[in-house]
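Text of run-v5.csv, listed as CSV, C-alpha atoms:
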```
chain,number,residue,atom,x,y,z
A,570,MET,CA,0.0,0.0,0.0
A,571,LYS,CA,1.4,3.4,-1.0
A,572,ILE,CA,1.5,5.9,1.8
A,573,ILE,CA,3.4,8.7,0.0
A,574,GLU,CA,2.9,9.7,-3.7
A,575,VAL,CA,5.0,12.4,-5.3
A,576,ARG,CA,4.2,13.3,-8.9
A,577,ASN,CA,6.2,15.8,-11.0
A,578,LEU,CA,7.2,17.9,-8.0
A,579,GLN,CA,8.8,21.3,-8.8
A,580,LYS,CA,10.2,23.9,-6.5
A,581,ARG,CA,11.9,27.1,-7.9
A,582,TYR,CA,13.8,29.9,-6.3
A,583,PRO,CA,14.7,33.2,-7.9
A,584,LYS,CA,18.2,32.1,-9.0
A,585,HIS,CA,17.9,28.3,-9.4
A,586,VAL,CA,15.5,25.3,-9.6
A,587,ALA,CA,15.8,23.2,-6.5
A,588,VAL,CA,13.5,20.4,-7.5
A,589,ASP,CA,12.8,19.6,-11.1
A,590,ASP,CA,10.0,17.1,-11.9
A,591,VAL,CA,10.6,14.7,-9.0
A,592,SER,CA,8.4,11.6,-8.8
A,593,PHE,CA,8.5,8.7,-6.4
A,594,GLU,CA,6.2,6.5,-4.2
A,595,VAL,CA,6.8,5.1,-0.7
A,596,ALA,CA,5.1,1.9,0.4
A,597,GLU,CA,3.8,1.7,4.0
A,598,GLY,CA,6.2,-0.1,6.3
A,599,GLU,CA,9.4,0.4,4.3
A,600,ILE,CA,12.5,2.5,4.8
A,601,PHE,CA,12.7,4.7,1.7
A,602,GLY,CA,16.0,6.5,1.1
A,603,ILE,CA,16.5,9.8,-0.7
A,604,LEU,CA,20.2,9.7,-1.6
A,605,GLY,CA,22.2,12.4,-3.2
A,606,PRO,CA,25.0,15.0,-2.8
A,607,ASN,CA,24.6,18.2,-0.8
A,608,GLY,CA,22.5,20.7,-2.8
A,609,ALA,CA,20.8,18.0,-4.9
A,610,GLY,CA,17.3,19.0,-3.7
A,611,LYS,CA,16.8,16.3,-1.1
A,612,THR,CA,15.8,18.5,1.8
A,613,THR,CA,13.6,20.8,-0.3
A,614,THR,CA,11.8,17.6,-1.5
A,615,VAL,CA,10.9,16.3,2.0
A,616,GLU,CA,10.0,19.8,3.2
A,617,CYS,CA,7.4,19.9,0.4
A,618,VAL,CA,6.2,16.4,1.5
A,619,GLY,CA,6.0,17.7,5.1
A,620,GLY,CA,4.1,20.8,4.1
A,621,LEU,CA,6.9,23.1,5.2
A,622,ARG,CA,7.3,24.5,1.7
A,623,ALA,CA,4.7,25.0,-1.0
A,624,ALA,CA,5.5,23.3,-4.3
A,625,ASP,CA,5.5,25.3,-7.5
A,626,GLY,CA,4.2,22.4,-9.5
A,627,GLY,CA,3.2,18.7,-9.3
A,628,THR,CA,1.3,16.9,-6.5
A,629,VAL,CA,2.1,15.4,-3.2
A,630,ARG,CA,-0.1,13.1,-1.1
A,631,VAL,CA,0.7,11.6,2.3
A,632,ALA,CA,-1.9,9.0,3.4
A,633,GLY,CA,-4.2,10.7,0.9
A,634,LEU,CA,-3.6,14.2,2.4
A,635,ASP,CA,-2.5,17.3,0.6
A,636,PRO,CA,0.4,18.7,2.7
A,637,GLN,CA,-0.7,22.3,2.1
A,638,ARG,CA,-4.5,22.0,2.2
A,639,ASP,CA,-4.6,19.4,5.0
A,640,ARG,CA,-1.9,20.6,7.3
A,641,ARG,CA,-3.7,20.0,10.6
A,642,ALA,CA,-4.6,16.4,9.6
A,643,LEU,CA,-1.1,15.8,8.3
A,644,ARG,CA,0.4,16.7,11.7
A,645,ASP,CA,-1.2,13.5,13.1
A,646,VAL,CA,0.2,11.3,10.3
A,647,LEU,CA,3.7,12.6,9.7
A,648,GLY,CA,6.6,13.4,12.1
A,649,MET,CA,9.8,15.2,10.9
A,650,GLN,CA,13.4,15.4,12.1
A,651,LEU,CA,15.1,18.2,10.2
A,652,GLN,CA,18.8,18.6,9.8
A,653,SER,CA,18.7,22.2,10.9
A,654,ALA,CA,16.4,21.7,13.9
A,655,ALA,CA,17.6,23.0,17.3
A,656,LEU,CA,16.2,23.5,20.8
A,657,PRO,CA,16.8,26.1,23.5
A,658,GLU,CA,20.1,25.3,25.2
A,659,LYS,CA,18.6,25.1,28.7
A,660,ILE,CA,15.6,23.0,28.0
A,661,LYS,CA,15.8,19.5,29.6
A,662,VAL,CA,15.1,16.4,27.7
A,663,TRP,CA,11.9,15.6,29.5
A,664,GLU,CA,10.7,19.2,29.1
A,665,ALA,CA,11.1,19.1,25.4
A,666,LEU,CA,9.2,15.8,25.1
A,667,ASP,CA,6.5,17.0,27.4
A,668,LEU,CA,6.1,20.2,25.4
A,669,TYR,CA,5.9,18.5,22.0
A,670,ALA,CA,3.4,15.9,23.5
A,671,SER,CA,1.1,18.8,24.4
A,672,TYR,CA,0.7,19.6,20.7
A,673,TYR,CA,-1.1,16.3,20.0
A,674,PRO,CA,-4.6,15.0,21.1
A,675,ASN,CA,-3.3,11.4,21.6
A,676,PRO,CA,0.5,11.6,22.1
A,677,ALA,CA,2.8,8.7,22.8
A,678,ASP,CA,3.9,8.0,26.3
A,679,TRP,CA,7.1,10.0,26.3
A,680,GLU,CA,8.5,8.1,29.2
A,681,GLU,CA,8.3,5.0,27.1
A,682,LEU,CA,9.7,6.9,24.1
A,683,LEU,CA,12.7,7.9,26.2
A,684,GLU,CA,13.4,4.3,26.9
A,685,HIS,CA,12.9,3.4,23.3
A,686,VAL,CA,15.6,5.9,22.1
A,687,GLY,CA,17.9,5.2,25.0
A,688,LEU,CA,17.7,8.5,26.7
A,689,THR,CA,16.1,7.6,30.1
A,690,GLU,CA,19.3,8.4,32.0
A,691,LYS,CA,19.5,11.8,30.3
A,692,ARG,CA,15.9,12.9,31.0
A,693,ASP,CA,17.0,15.7,33.3
A,694,THR,CA,19.9,16.8,31.1
A,695,ALA,CA,19.9,20.2,29.4
A,696,PHE,CA,20.0,20.1,25.6
A,697,LYS,CA,23.3,22.0,25.5
A,698,LYS,CA,25.0,19.2,27.5
A,699,LEU,CA,23.9,16.3,25.2
A,700,SER,CA,26.4,14.8,22.8
A,701,GLY,CA,25.7,14.9,19.0
A,702,GLY,CA,24.3,11.4,19.0
A,703,GLN,CA,22.1,12.1,22.0
A,704,ARG,CA,20.7,15.2,20.3
A,705,GLN,CA,19.8,13.2,17.3
A,706,ARG,CA,18.1,10.6,19.4
A,707,LEU,CA,16.1,13.3,21.0
A,708,SER,CA,15.2,14.6,17.6
A,709,VAL,CA,13.9,11.2,16.6
A,710,ALA,CA,11.8,11.0,19.8
A,711,LEU,CA,10.3,14.4,19.1
A,712,ALA,CA,9.4,13.2,15.6
A,713,LEU,CA,7.7,10.2,17.1
A,714,VAL,CA,5.8,11.7,20.0
A,715,GLY,CA,2.7,12.3,17.9
A,716,ARG,CA,2.4,8.6,17.0
A,717,PRO,CA,3.0,9.2,13.3
A,718,ARG,CA,2.5,6.6,10.6
A,719,VAL,CA,5.5,8.2,8.7
A,720,ALA,CA,8.7,9.7,10.1
A,721,VAL,CA,11.0,11.8,7.9
A,722,LEU,CA,14.6,11.8,9.1
A,723,ASP,CA,16.8,14.3,7.3
A,724,GLU,CA,20.6,13.7,7.4
A,725,LEU,CA,20.2,12.1,10.8
A,726,THR,CA,23.8,10.9,11.3
A,727,THR,CA,25.7,13.8,9.9
A,728,GLY,CA,28.5,14.8,12.3
A,729,LEU,CA,28.3,11.7,14.4
A,730,ASP,CA,31.3,9.4,15.2
A,731,PRO,CA,31.2,5.9,13.8
A,732,GLN,CA,29.8,4.2,16.9
A,733,ALA,CA,27.1,6.8,17.4
A,734,ARG,CA,26.2,6.4,13.7
A,735,ARG,CA,25.8,2.7,14.1
A,736,ASP,CA,23.7,3.1,17.3
A,737,THR,CA,21.4,5.4,15.4
A,738,TRP,CA,21.1,2.9,12.5
A,739,GLU,CA,19.9,0.3,15.1
A,740,LEU,CA,17.4,2.8,16.4
A,741,ILE,CA,16.0,3.5,12.9
A,742,GLU,CA,15.6,-0.3,12.3
A,743,ARG,CA,13.7,-0.6,15.6
A,744,ILE,CA,11.4,2.2,14.7
A,745,ARG,CA,10.6,0.6,11.4
A,746,ASP,CA,10.0,-2.7,13.2
A,747,SER,CA,7.4,-0.9,15.4
A,748,GLY,CA,5.3,-0.2,12.3
A,749,VAL,CA,6.4,3.3,11.3
A,750,THR,CA,7.3,4.1,7.6
A,751,ILE,CA,10.5,6.0,7.4
A,752,VAL,CA,11.8,8.4,4.7
A,753,LEU,CA,15.5,8.7,5.2
A,754,VAL,CA,17.4,11.6,3.6
A,755,THR,CA,21.2,10.9,3.4
A,756,HIS,CA,24.4,11.3,1.5
A,757,PHE,CA,26.1,8.4,3.2
A,758,MET,CA,26.4,5.3,0.9
A,759,GLU,CA,27.0,2.8,3.7
A,760,GLU,CA,23.9,4.1,5.6
A,761,ALA,CA,21.7,3.8,2.5
A,762,GLU,CA,22.9,0.3,1.7
A,763,ARG,CA,22.5,-0.8,5.3
A,764,LEU,CA,19.0,0.6,6.0
A,765,CYS,CA,17.0,1.3,2.9
A,766,ASP,CA,14.5,-1.1,1.3
A,767,ARG,CA,14.4,1.2,-1.7
A,768,LEU,CA,16.2,4.4,-2.8
A,769,ALA,CA,15.6,7.4,-5.0
A,770,LEU,CA,18.9,8.8,-6.3
A,771,ILE,CA,18.6,12.5,-6.7
A,772,ASP,CA,21.1,14.8,-8.5
A,773,LYS,CA,20.6,18.4,-9.5
A,774,GLY,CA,17.0,18.4,-8.5
A,775,ARG,CA,16.0,15.3,-10.5
A,776,VAL,CA,15.5,11.6,-9.7
A,777,VAL,CA,18.0,9.7,-11.8
A,778,ALA,CA,16.9,6.2,-10.6
A,779,THR,CA,14.7,4.5,-8.1
A,780,ASP,CA,15.3,0.9,-7.1
A,781,THR,CA,16.5,-1.3,-4.2
A,782,PRO,CA,20.2,-0.8,-3.3
A,783,ALA,CA,21.0,-4.2,-4.9
A,784,GLY,CA,19.0,-3.2,-8.0
A,785,LEU,CA,20.9,0.1,-8.4
A,786,ILE,CA,24.2,-1.7,-8.0
A,787,ALA,CA,23.2,-4.3,-10.6
A,788,GLN,CA,22.8,-1.5,-13.1
A,789,VAL,CA,26.5,-1.0,-13.2
A,790,GLY,CA,27.0,-4.7,-13.9
A,791,SER,CA,28.7,-7.5,-12.0
A,792,GLU,CA,32.2,-6.2,-12.2
A,793,GLN,CA,34.5,-6.9,-9.3
A,794,ARG,CA,37.9,-5.6,-8.2
A,795,LEU,CA,40.8,-7.4,-6.6
A,796,ARG,CA,43.6,-5.4,-4.9
A,797,PHE,CA,46.8,-7.0,-3.7
A,798,ARG,CA,50.6,-6.7,-3.4
A,799,PRO,CA,52.4,-9.5,-5.2
A,800,SER,CA,55.2,-11.2,-3.3
A,801,ALA,CA,57.4,-11.4,-6.5
A,802,PRO,CA,57.5,-9.6,-9.9
A,803,LEU,CA,54.3,-10.2,-11.9
A,804,ASP,CA,53.8,-9.7,-15.6
A,805,ASP,CA,50.4,-8.1,-16.3
A,806,SER,CA,50.0,-10.4,-19.3
A,807,VAL,CA,49.6,-13.4,-17.0
A,808,LEU,CA,46.4,-11.9,-15.6
A,809,LEU,CA,45.2,-10.3,-18.8
A,810,ALA,CA,45.2,-13.8,-20.5
A,811,LEU,CA,42.5,-14.9,-18.1
A,812,PRO,CA,38.9,-14.6,-19.6
A,813,GLU,CA,37.6,-13.2,-16.3
A,814,VAL,CA,40.0,-10.3,-16.3
A,815,ARG,CA,39.1,-7.0,-18.1
A,816,ASP,CA,41.8,-4.7,-16.8
A,817,VAL,CA,45.0,-4.6,-14.7
A,818,SER,CA,46.4,-1.4,-13.2
A,819,ARG,CA,49.1,-0.5,-10.8
A,820,HIS,CA,49.5,2.0,-8.0
A,821,GLY,CA,53.0,1.7,-6.6
A,822,GLU,CA,53.4,-1.9,-5.4
A,823,GLN,CA,49.6,-2.5,-5.4
A,824,VAL,CA,48.0,-4.3,-8.3
A,825,THR,CA,44.3,-3.8,-9.1
A,826,VAL,CA,42.5,-6.4,-11.3
A,827,SER,CA,39.0,-5.7,-12.6
A,828,GLY,CA,36.7,-8.3,-14.1
A,829,THR,CA,33.6,-10.5,-13.8
A,830,GLY,CA,32.7,-14.1,-13.2
A,831,ASN,CA,34.7,-16.1,-10.7
A,832,LEU,CA,37.4,-13.5,-10.8
A,833,ALA,CA,39.0,-14.2,-7.4
A,834,HIS,CA,39.4,-17.9,-8.0
A,835,ALA,CA,40.9,-17.4,-11.5
A,836,VAL,CA,43.4,-14.8,-10.3
A,837,THR,CA,44.5,-16.6,-7.2
A,838,LEU,CA,45.0,-19.8,-9.1
A,839,ALA,CA,47.1,-18.0,-11.7
A,840,LEU,CA,49.2,-16.5,-9.0
A,841,VAL,CA,49.7,-19.9,-7.3
A,842,GLU,CA,51.0,-21.2,-10.6
A,843,GLN,CA,53.5,-18.4,-10.7
A,844,GLN,CA,54.4,-19.1,-7.1
A,845,ILE,CA,53.3,-15.6,-6.1
A,846,ILE,CA,51.5,-14.8,-2.9
A,847,PRO,CA,48.9,-11.9,-3.0
A,848,GLY,CA,49.6,-9.9,0.1
A,849,ASP,CA,46.9,-7.5,1.6
A,850,LEU,CA,44.3,-9.1,-0.7
A,851,ARG,CA,41.0,-7.3,-0.9
A,852,ILE,CA,38.0,-8.2,-3.0
A,853,GLU,CA,35.6,-5.4,-3.8
A,854,GLN,CA,32.2,-5.5,-5.4
A,855,ALA,CA,30.4,-2.7,-7.2
A,856,THR,CA,28.9,-0.2,-4.7
A,857,LEU,CA,26.2,2.5,-4.7
A,858,ASP,CA,28.9,5.0,-5.3
A,859,ASP,CA,29.7,3.1,-8.6
A,860,ALA,CA,26.0,3.2,-9.4
A,861,PHE,CA,25.7,6.9,-8.8
A,862,LEU,CA,28.9,7.5,-10.9
A,863,ALA,CA,27.5,5.4,-13.8
A,864,LEU,CA,24.1,7.2,-13.7
A,865,THR,CA,25.2,10.8,-13.2
A,866,GLY,CA,28.8,10.8,-14.5
A,867,ARG,CA,30.2,12.0,-11.1
A,868,LYS,CA,30.9,10.6,-7.6
A,869,LEU,CA,28.4,11.2,-4.8
A,870,SER,CA,31.1,12.1,-2.3
```

Take the structure I supplied and represent it as C-alpha cells, if you would.
Amino acid sequence: MKIIEVRNLQKRYPKHVAVDDVSFEVAEGEIFGILGPNGAGKTTTVECVGGLRAADGGTVRVAGLDPQRDRRALRDVLGMQLQSAALPEKIKVWEALDLYASYYPNPADWEELLEHVGLTEKRDTAFKKLSGGQRQRLSVALALVGRPRVAVLDELTTGLDPQARRDTWELIERIRDSGVTIVLVTHFMEEAERLCDRLALIDKGRVVATDTPAGLIAQVGSEQRLRFRPSAPLDDSVLLALPEVRDVSRHGEQVTVSGTGNLAHAVTLALVEQQIIPGDLRIEQATLDDAFLALTGRKLS
C-alpha cells in the first residue's frame, strides 16, 4: 500500500531550480531512502512532503492528504526530524518531550519513548549538554511523540562518530519494526545500503533512478575488483590472459584487477602457478557510489 505519492514535484527559487519534476512512491512499512550530494534538492523535496514548503508544481499526497490543504490532519500522520532543527540550550530532555506531546490529542507516552531511544538516563539533562548522538536521538523521539505513521529523518547521522552512527542505525531499524514508515534523507552510501529497502537517487533536483540498493548496484554490472601486493615480480600479461579479467592497473606496489565471473578464484589460481602470494588481498564488489557515478557521471562524495 502506497502511503506517499509524489508526482512531477517542482520547486523554484529566484536564482535556481531546487526540485525539477521529481516523482516517487513510498510503500507503507518500508525505509525509503533519498540519496544524493549536498545541494541536490533532497531537503527541499521532503520539506514539500511535510508541508513546510509550498510546491510550485506537481502533486504530493501523504496517506491521501495534501500537505498544504490538509496541514492539521497531516500533523497527526507525519513526524519530521530536520537537519537544521535545534532546541533552546537550557531545555531539559523531559521538558522538550512534554512540550511536544502537548501539541497532539493522543501523544505517545514520552517516558516509554525515552526508553525506546535510549535517553532515560538523560531525562533531566539540558539540551546543550547532550552529545551529538544524544541530540539526534532526542530529535527522533520528538518526531515520534505524535504517534505518526510516517517519520521523515533528514541527514540524521551527519557529524556523528562511527559508533554513534551505528547506534542510530539500530534505532532506525527498531522504529521501522514498530510499524512506522521511514523516509531517510542521506548522502552516506553505507547508511543507505544498510538501512533502505528502496532508494531514489537525486542529482541536481532530479530523480535519476529508483530501485533497491541491490538493483541500483546491478545497473553497473557485476564487475569486481581485486587489490593485492604480489610477493614477486608479476607480468600483467599473466592476468590479462584470463577470460575473467578485463583490466590490470598498478599504483606503486599495489595491483588492481577488474573483471567478472569467478574473478577471485581465477586470479589466485594463476598467482599460485607463478608461485606468487597476493599480500593484503582485498575483494571489492560494485557499490552504490559506482552506481551513482554510472548514472550521473560523477561521484556522490

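Every protein or nucleic acid residue with an atom no more than 12 Å from Arg867 of chain A, counting only C-alpha atoms and leaving out same-chain residues fewer than 4 positions away, appears here: Gly605, Pro606, Asp772, Lys773, Asp858, Asp859, Ala860, Phe861, Leu862 and Ala863 of chain A.
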
Pick out the closest residue to Val575 of chain A from this set: A:Ser671, A:Thr865, A:Thr614, A:Ser747. Count all atoms listed in the file.
A:Thr614

All residues 12 Å or closer to Glu680 of chain A, only C-alpha atoms, same chain fewer than 5 positions away omitted, as a PyMOL selection string:
chain A and resi 662-667+670+685-692+710+714

What is the distance between atom CA of Gly728 of chain A and atom CA of Glu658 of chain A, in Å to one decimal?
18.6 Å

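The environment of segment 806-809 of chain A within 9 Å, counting all atoms listed in the file and disregarding residues fewer than 2 places along the same chain, consists of Leu803, Asp804, Leu811, Pro812, Glu813, Val814, Arg815, Asp816, Val817, Val826, Ala835, Val836, Ala839, Leu840 and Gln843 of chain A.
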
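For the point (8.8, 12.9, -5.9), the residues with an atom at a distance of at most 8 Å are Glu574, Val575, Arg576, Asn577, Leu578, Asp590, Val591, Ser592, Phe593, Glu594, Thr614, Val629 and Val776 of chain A, counting only C-alpha atoms.
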
Emit the selected residues as a short mmCIF file (atom, residue, chain, number, x, y, z; two decimals), in the coordinates of the input, including C-alpha atoms.
```cif
data_model
loop_
_atom_site.label_atom_id
_atom_site.label_comp_id
_atom_site.auth_asym_id
_atom_site.auth_seq_id
_atom_site.Cartn_x
_atom_site.Cartn_y
_atom_site.Cartn_z
CA GLU A 574 2.90 9.70 -3.70
CA VAL A 575 5.00 12.40 -5.30
CA ARG A 576 4.20 13.30 -8.90
CA ASN A 577 6.20 15.80 -11.00
CA LEU A 578 7.20 17.90 -8.00
CA ASP A 590 10.00 17.10 -11.90
CA VAL A 591 10.60 14.70 -9.00
CA SER A 592 8.40 11.60 -8.80
CA PHE A 593 8.50 8.70 -6.40
CA GLU A 594 6.20 6.50 -4.20
CA THR A 614 11.80 17.60 -1.50
CA VAL A 629 2.10 15.40 -3.20
CA VAL A 776 15.50 11.60 -9.70
#
```

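Between atom CA of Ile852 of chain A and atom CA of Arg794 of chain A the separation is 5.8 Å.
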
Distance atom CA of Thr613 of chain A-atom CA of Leu647 of chain A, one decimal place?
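Atom-to-atom, atom CA of Thr613 of chain A to atom CA of Leu647 of chain A, that is 16.3 Å.
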
Polymer residues at most 8 Å from segment 758-763 of chain A, only C-alpha atoms, same-chain spacing of 2 or more positions, as a list in words
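Close residues of segment 758-763 of chain A: Gly602, Leu604, Trp738, Thr755, His756, Cys765, Leu768, Pro782, Leu857 and Asp858 of chain A.
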
Find the residues with any atom within 12 Å of (23.5, 0.2, 15.7); use only C-alpha atoms and the coordinates as given in the file, and write the answer as a list in words.
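Residues found, by chain and rising number: Val686, Gly687, Gly702, Thr726, Pro731, Gln732, Ala733, Arg734, Arg735, Asp736, Thr737, Trp738, Glu739, Leu740, Ile741, Glu742, Arg743, Glu760, Arg763 and Leu764 of chain A.
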
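For the choices A:Ala642, A:Ala695, A:Leu725, A:Val752, the atom-to-atom distance to Tyr673 of chain A is smallest for A:Ala642 when using all atoms listed in the file.
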
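Using all atoms listed in the file, the shortest contact distance between Arg796 of chain A and any of A:Gly774, A:Pro583, A:Gly784, A:Gly848 is found at A:Gly848.
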
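Here the question is which of A:Ser700, A:Gln637, A:Thr750, A:Thr856 gets nearest to Lys571 of chain A using all atoms listed in the file, and that residue is A:Thr750.
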